[in-house]
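Notes follow the structure.
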Amino acid sequence: MKSQDLDADLEILQILRNGAGTYVSGEQLCNQLSVSRMAIWKRINKLRSLGYEIDARTNQGYLLKKSPDLLIYPEIAPLLKTDWLGRHWQFVPKIDSTSLCLEKMVSGGAPEGVVVVADQQTAGRGRMGRTWFSPPRCNIYCSFLLRPKIDPPQVTSLPLLIGLAVTRSIRNILPDLEPKIKWPNDIQIDGRKICGILCDMQAEMDQIHHVIIGFGMNVNIEPTDLLPEIAQRATSLRIVAGKKISRVAILASILNTFEELYKKWLMQGLNPFMSEFQQHDVLRGRQVELEQFGRKVSGVGNGIGPDGALVLQMPDGSLTNVISGDVHITRMG
Ligand code: BTN
């Protein structure tokens, strides 16, 4: 479905919503949208195909009975408290990758804060050239555009900031859960990955052109739908909470929280959030193995530095700051 088609369908949705539980006549819809009855009927059916329950009654018109948990702007807008993040919104039912899509939009002059969100990805990208499993209708696949006016090296701590927005949002919506940050850009619950973050930057030595933040979150995927190769390492909010969770609510919360954190981060870096990181750092005190440029190093997690580096205590007791790599816990304790 092309996004301009979707926009036209969404106009109808807004009018049905304004009806607030009453039938809206076909005539009113035709007049407000300046289209024929046939066009209205087609758009109503399009909305139904997206999962909207719309009752149609002769002489009364149309009534919106139930909305799906769909990540489209009319659903998210009532919950969005941001000034600029998500105020330009592109929903795509199916795409190769939201980050690739946004990358193409950047060359056309996309504004800062634009969000691209998909219901399904056919070539979701993960870190280190991996793929991100992105089945339809259950999870969040989201990318957004930033143009931070900071020195390029400072961007290394940005994935942690989005991680913080994700963990805060999970805790706000599901206070019984204990999401943890696994440096540099995973969120885990009960030792299993629930969210992955990917930051793509375009910069020169002294100037950032843009950063594309992409995150994928397992929200309502069922255990039986996880790929066998990730089933032991991954989980979803639904699995850990034991109930279906609103994707709209969690995404709105992440964007609201991130915008607030980002404003502080631009001025003070990670400093204001250090105690929160130490509290939710899953690697702290754990024996870990770091894989970096084909080499493996072992150490004990000793927290996260204000520059976003992982601090490792080496076997000789010295402390090393690491700014990139893949980490695995080898022993708890
Ligand atoms: C990782 O843990 O390896 C990072 C995964 C990031 C996946 C998200 S889903 C939305 C955005 N689009 C992509 O193709 N990748 C990111």
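Identifiers for the structure tokens are assigned positionally: chains receive A, B, ... in sequence, residues are indexed from 1 per chain, and ligands are indexed from 1 in the order shown.
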
| message | Any residue with an atom at most 8 Å from ligand 1 counts, using only C-alpha atoms and all ligand atoms. Which are they? Put them as a PyMOL selection string. | response | chain A and resi 96-100+117-118+121+123-128+130-132+134+140-143+185-186+195-198+213-217

| request: Might you pull out every residue within 9 Å of Leu266 of chain A, with only C-alpha atoms counted and same-chain residues fewer than 3 positions away left off, and present them as a PyMOL selection string? | output: chain A and resi 148-150+261-263+269

Preceding selection exported with all heavy atoms as a PDB file, in the first residue's frame:
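Result saved to out-v5.pdb:
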```
ATOM      1  N   PRO A 148      22.382  15.753  15.471  1.00  0.00           N
ATOM      2  CA  PRO A 148      22.961  16.377  16.663  1.00  0.00           C
ATOM      3  C   PRO A 148      24.154  17.273  16.327  1.00  0.00           C
ATOM      4  O   PRO A 148      25.014  16.884  15.529  1.00  0.00           O
ATOM      5  CB  PRO A 148      23.412  15.178  17.508  1.00  0.00           C
ATOM      6  CG  PRO A 148      23.534  14.043  16.560  1.00  0.00           C
ATOM      7  CD  PRO A 148      22.615  14.306  15.410  1.00  0.00           C
ATOM      8  N   LYS A 149      24.166  18.445  16.952  1.00  0.00           N
ATOM      9  CA  LYS A 149      25.298  19.371  16.710  1.00  0.00           C
ATOM     10  C   LYS A 149      26.329  19.149  17.813  1.00  0.00           C
ATOM     11  O   LYS A 149      26.432  19.931  18.764  1.00  0.00           O
ATOM     12  CB  LYS A 149      24.786  20.810  16.681  1.00  0.00           C
ATOM     13  CG  LYS A 149      23.959  21.056  15.440  1.00  0.00           C
ATOM     14  CD  LYS A 149      23.459  22.462  15.303  1.00  0.00           C
ATOM     15  CE  LYS A 149      22.626  22.627  14.048  1.00  0.00           C
ATOM     16  NZ  LYS A 149      21.540  21.641  13.910  1.00  0.00           N
ATOM     17  N   ILE A 150      27.041  18.056  17.689  1.00  0.00           N
ATOM     18  CA  ILE A 150      28.067  17.685  18.676  1.00  0.00           C
ATOM     19  C   ILE A 150      29.258  17.095  17.920  1.00  0.00           C
ATOM     20  O   ILE A 150      29.165  16.826  16.725  1.00  0.00           O
ATOM     21  CB  ILE A 150      27.521  16.632  19.680  1.00  0.00           C
ATOM     22  CG1 ILE A 150      26.934  15.432  18.918  1.00  0.00           C
ATOM     23  CG2 ILE A 150      26.500  17.230  20.625  1.00  0.00           C
ATOM     24  CD1 ILE A 150      26.661  14.249  19.777  1.00  0.00           C
ATOM     25  N   LEU A 261      15.166  12.957  27.344  1.00  0.00           N
ATOM     26  CA  LEU A 261      16.547  12.582  27.683  1.00  0.00           C
ATOM     27  C   LEU A 261      17.548  13.240  26.731  1.00  0.00           C
ATOM     28  O   LEU A 261      18.622  13.692  27.137  1.00  0.00           O
ATOM     29  CB  LEU A 261      16.732  11.059  27.593  1.00  0.00           C
ATOM     30  CG  LEU A 261      15.933  10.168  28.541  1.00  0.00           C
ATOM     31  CD1 LEU A 261      16.212   8.701  28.233  1.00  0.00           C
ATOM     32  CD2 LEU A 261      16.301  10.461  29.982  1.00  0.00           C
ATOM     33  N   TYR A 262      17.186  13.281  25.476  1.00  0.00           N
ATOM     34  CA  TYR A 262      18.084  13.779  24.419  1.00  0.00           C
ATOM     35  C   TYR A 262      18.450  15.249  24.636  1.00  0.00           C
ATOM     36  O   TYR A 262      19.595  15.652  24.431  1.00  0.00           O
ATOM     37  CB  TYR A 262      17.386  13.581  23.071  1.00  0.00           C
ATOM     38  CG  TYR A 262      18.197  13.955  21.851  1.00  0.00           C
ATOM     39  CD1 TYR A 262      19.305  13.224  21.469  1.00  0.00           C
ATOM     40  CD2 TYR A 262      17.819  15.042  21.060  1.00  0.00           C
ATOM     41  CE1 TYR A 262      20.032  13.558  20.327  1.00  0.00           C
ATOM     42  CE2 TYR A 262      18.530  15.383  19.918  1.00  0.00           C
ATOM     43  CZ  TYR A 262      19.641  14.635  19.558  1.00  0.00           C
ATOM     44  OH  TYR A 262      20.347  14.969  18.430  1.00  0.00           O
ATOM     45  N   LYS A 263      17.463  16.017  25.079  1.00  0.00           N
ATOM     46  CA  LYS A 263      17.693  17.449  25.326  1.00  0.00           C
ATOM     47  C   LYS A 263      18.806  17.622  26.373  1.00  0.00           C
ATOM     48  O   LYS A 263      19.719  18.412  26.204  1.00  0.00           O
ATOM     49  CB  LYS A 263      16.380  18.044  25.856  1.00  0.00           C
ATOM     50  CG  LYS A 263      16.217  19.507  25.634  1.00  0.00           C
ATOM     51  CD  LYS A 263      14.756  19.852  25.822  1.00  0.00           C
ATOM     52  CE  LYS A 263      14.597  21.185  26.516  1.00  0.00           C
ATOM     53  NZ  LYS A 263      13.213  21.409  26.925  1.00  0.00           N
ATOM     54  N   GLY A 269      25.812  15.223  28.104  1.00  0.00           N
ATOM     55  CA  GLY A 269      26.207  13.834  27.847  1.00  0.00           C
ATOM     56  C   GLY A 269      25.451  12.884  28.772  1.00  0.00           C
ATOM     57  O   GLY A 269      24.327  13.161  29.216  1.00  0.00           O
TER      58      GLY A 269
END
```

| message | Just want the 9 Å neighbourhood of Lys244 of chain A, counted on only C-alpha atoms, with same-chain residues fewer than 3 positions away dropped. Output as a list in words. | response | Val219, Asn220, Leu237, Arg238, Ile239 and Ala241 of chain A

| Which residue gives the smallest distance to Val35 of chain A among A:Leu312, A:Val106, A:Ile12, A:Leu50, with only C-alpha atoms counted? |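 Using only C-alpha atoms, the shortest distance to Val35 of chain A belongs to A:Ile12.
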
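With only C-alpha atoms as the atoms that count, the minimum distance from Gly299 of chain A to the choices A:Thr320, A:Ser275, A:Gln287, A:Thr257 is reached by A:Gln287.
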
| request: Could you give me the residues within segment 98-314 of chain A that DSSP places in strand (DSSP E or B), as a ChimeraX atom specification? | output: /A:115-118,121,125,131,140-146,180-182,186-189,192-204,207-217,234,281,284,287-292,295-304,310-313

| message | With only C-alpha atoms as the counted atoms, please give the residues lying no more than 12 Å from segment 153-158 of chain A, apart from itself and same-chain residues fewer than 5 positions off, as a ChimeraX atom specification. | response | /A:146-148,163-165,183-185,197-214,258,261-262,265-271,273-274,277,304-310,322-325

Next, write the just-selected residues to a file, as a short mmCIF file (atom, residue, chain, number, x, y, z; two decimals), in the first residue's frame, keeping C-alpha atoms as the atom set.
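Dumped everything to again_38.cif:
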```cif
data_model
loop_
_atom_site.label_atom_id
_atom_site.label_comp_id
_atom_site.auth_asym_id
_atom_site.auth_seq_id
_atom_site.Cartn_x
_atom_site.Cartn_y
_atom_site.Cartn_z
CA LEU A 146 18.65 13.02 14.39
CA ARG A 147 21.05 15.78 13.42
CA PRO A 148 22.96 16.38 16.66
CA GLY A 163 18.38 2.04 25.75
CA LEU A 164 17.56 4.16 28.77
CA ALA A 165 14.39 5.47 27.12
CA TRP A 183 26.17 -2.63 26.74
CA PRO A 184 26.31 -1.29 24.10
CA ASN A 185 22.80 -1.54 22.73
CA ILE A 197 19.33 -0.83 18.83
CA LEU A 198 21.25 0.14 15.72
CA CYS A 199 22.73 3.59 15.12
CA ASP A 200 23.94 4.57 11.65
CA MET A 201 25.91 7.78 11.42
CA GLN A 202 26.96 9.90 8.46
CA ALA A 203 29.73 12.27 9.45
CA GLU A 204 33.00 13.94 8.60
CA MET A 205 35.87 14.07 11.09
CA ASP A 206 34.46 17.18 12.77
CA GLN A 207 30.80 17.28 11.79
CA ILE A 208 27.83 14.96 11.98
CA HIS A 209 25.46 15.06 9.02
CA HIS A 210 22.86 12.79 10.55
CA VAL A 211 22.28 9.78 12.75
CA ILE A 212 19.60 7.19 12.09
CA ILE A 213 18.47 5.43 15.24
CA GLY A 214 16.78 2.10 14.56
CA PHE A 258 13.79 9.84 24.44
CA LEU A 261 16.55 12.58 27.68
CA TYR A 262 18.08 13.78 24.42
CA TRP A 265 22.24 14.60 26.72
CA LEU A 266 23.06 17.27 24.09
CA MET A 267 24.24 19.57 26.90
CA GLN A 268 25.59 17.19 29.53
CA GLY A 269 26.21 13.83 27.85
CA LEU A 270 25.42 10.76 29.94
CA ASN A 271 26.42 12.47 33.23
CA PHE A 273 22.01 9.39 34.03
CA MET A 274 25.05 7.61 35.42
CA PHE A 277 22.98 3.09 34.13
CA ILE A 304 29.65 2.18 32.15
CA GLY A 305 31.72 5.36 31.84
CA PRO A 306 30.24 8.83 31.22
CA ASP A 307 31.52 8.61 27.63
CA GLY A 308 29.45 5.45 27.10
CA ALA A 309 32.46 3.10 27.29
CA LEU A 310 32.22 -0.28 28.96
CA VAL A 322 36.09 -0.32 25.70
CA ILE A 323 34.11 1.66 23.13
CA SER A 324 33.09 -1.04 20.66
CA GLY A 325 32.66 -4.78 20.40
#
```

| query | Excluding same-chain residues fewer than 5 positions from Tyr52 of chain A, what lies within 12 Å of it counting only C-alpha atoms, as a ChimeraX atom specification? | reply | /A:9-10,12-13,16-17,43-47,62-70,75

| message | What parts of segment 82-213 of chain A does DSSP call alpha helix (DSSP H)? I'd like the answer as number ranges by chain. | response | A: 98-107, 158-173

| task | Just the residues within 9 Å of Val166 of chain A, please, counting only C-alpha atoms, with nothing from its chain fewer than 6 positions along; format it as JSON, numbers by chain. | result | {"A": [179, 187, 195, 250, 251, 253, 254, 255, 257, 258]}

Would you put the residues from that selection into a file with C-alpha atoms, as a PDB file, in the first residue's frame?
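Saved file out.pdb follows:
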```pdb
ATOM      1  CA  PRO A 179      14.585  -4.554  32.070  1.00  0.00           C
ATOM      2  CA  ILE A 187      17.815  -4.496  26.347  1.00  0.00           C
ATOM      3  CA  CYS A 195      15.116  -4.964  22.132  1.00  0.00           C
ATOM      4  CA  ILE A 250       5.040   1.503  24.399  1.00  0.00           C
ATOM      5  CA  LEU A 251       6.263   3.283  21.250  1.00  0.00           C
ATOM      6  CA  SER A 253       6.345   6.278  25.695  1.00  0.00           C
ATOM      7  CA  ILE A 254       9.784   5.527  24.173  1.00  0.00           C
ATOM      8  CA  LEU A 255       9.589   8.569  21.889  1.00  0.00           C
ATOM      9  CA  THR A 257      11.028   9.687  27.031  1.00  0.00           C
ATOM     10  CA  PHE A 258      13.786   9.843  24.436  1.00  0.00           C
TER      11      PHE A 258
END
```
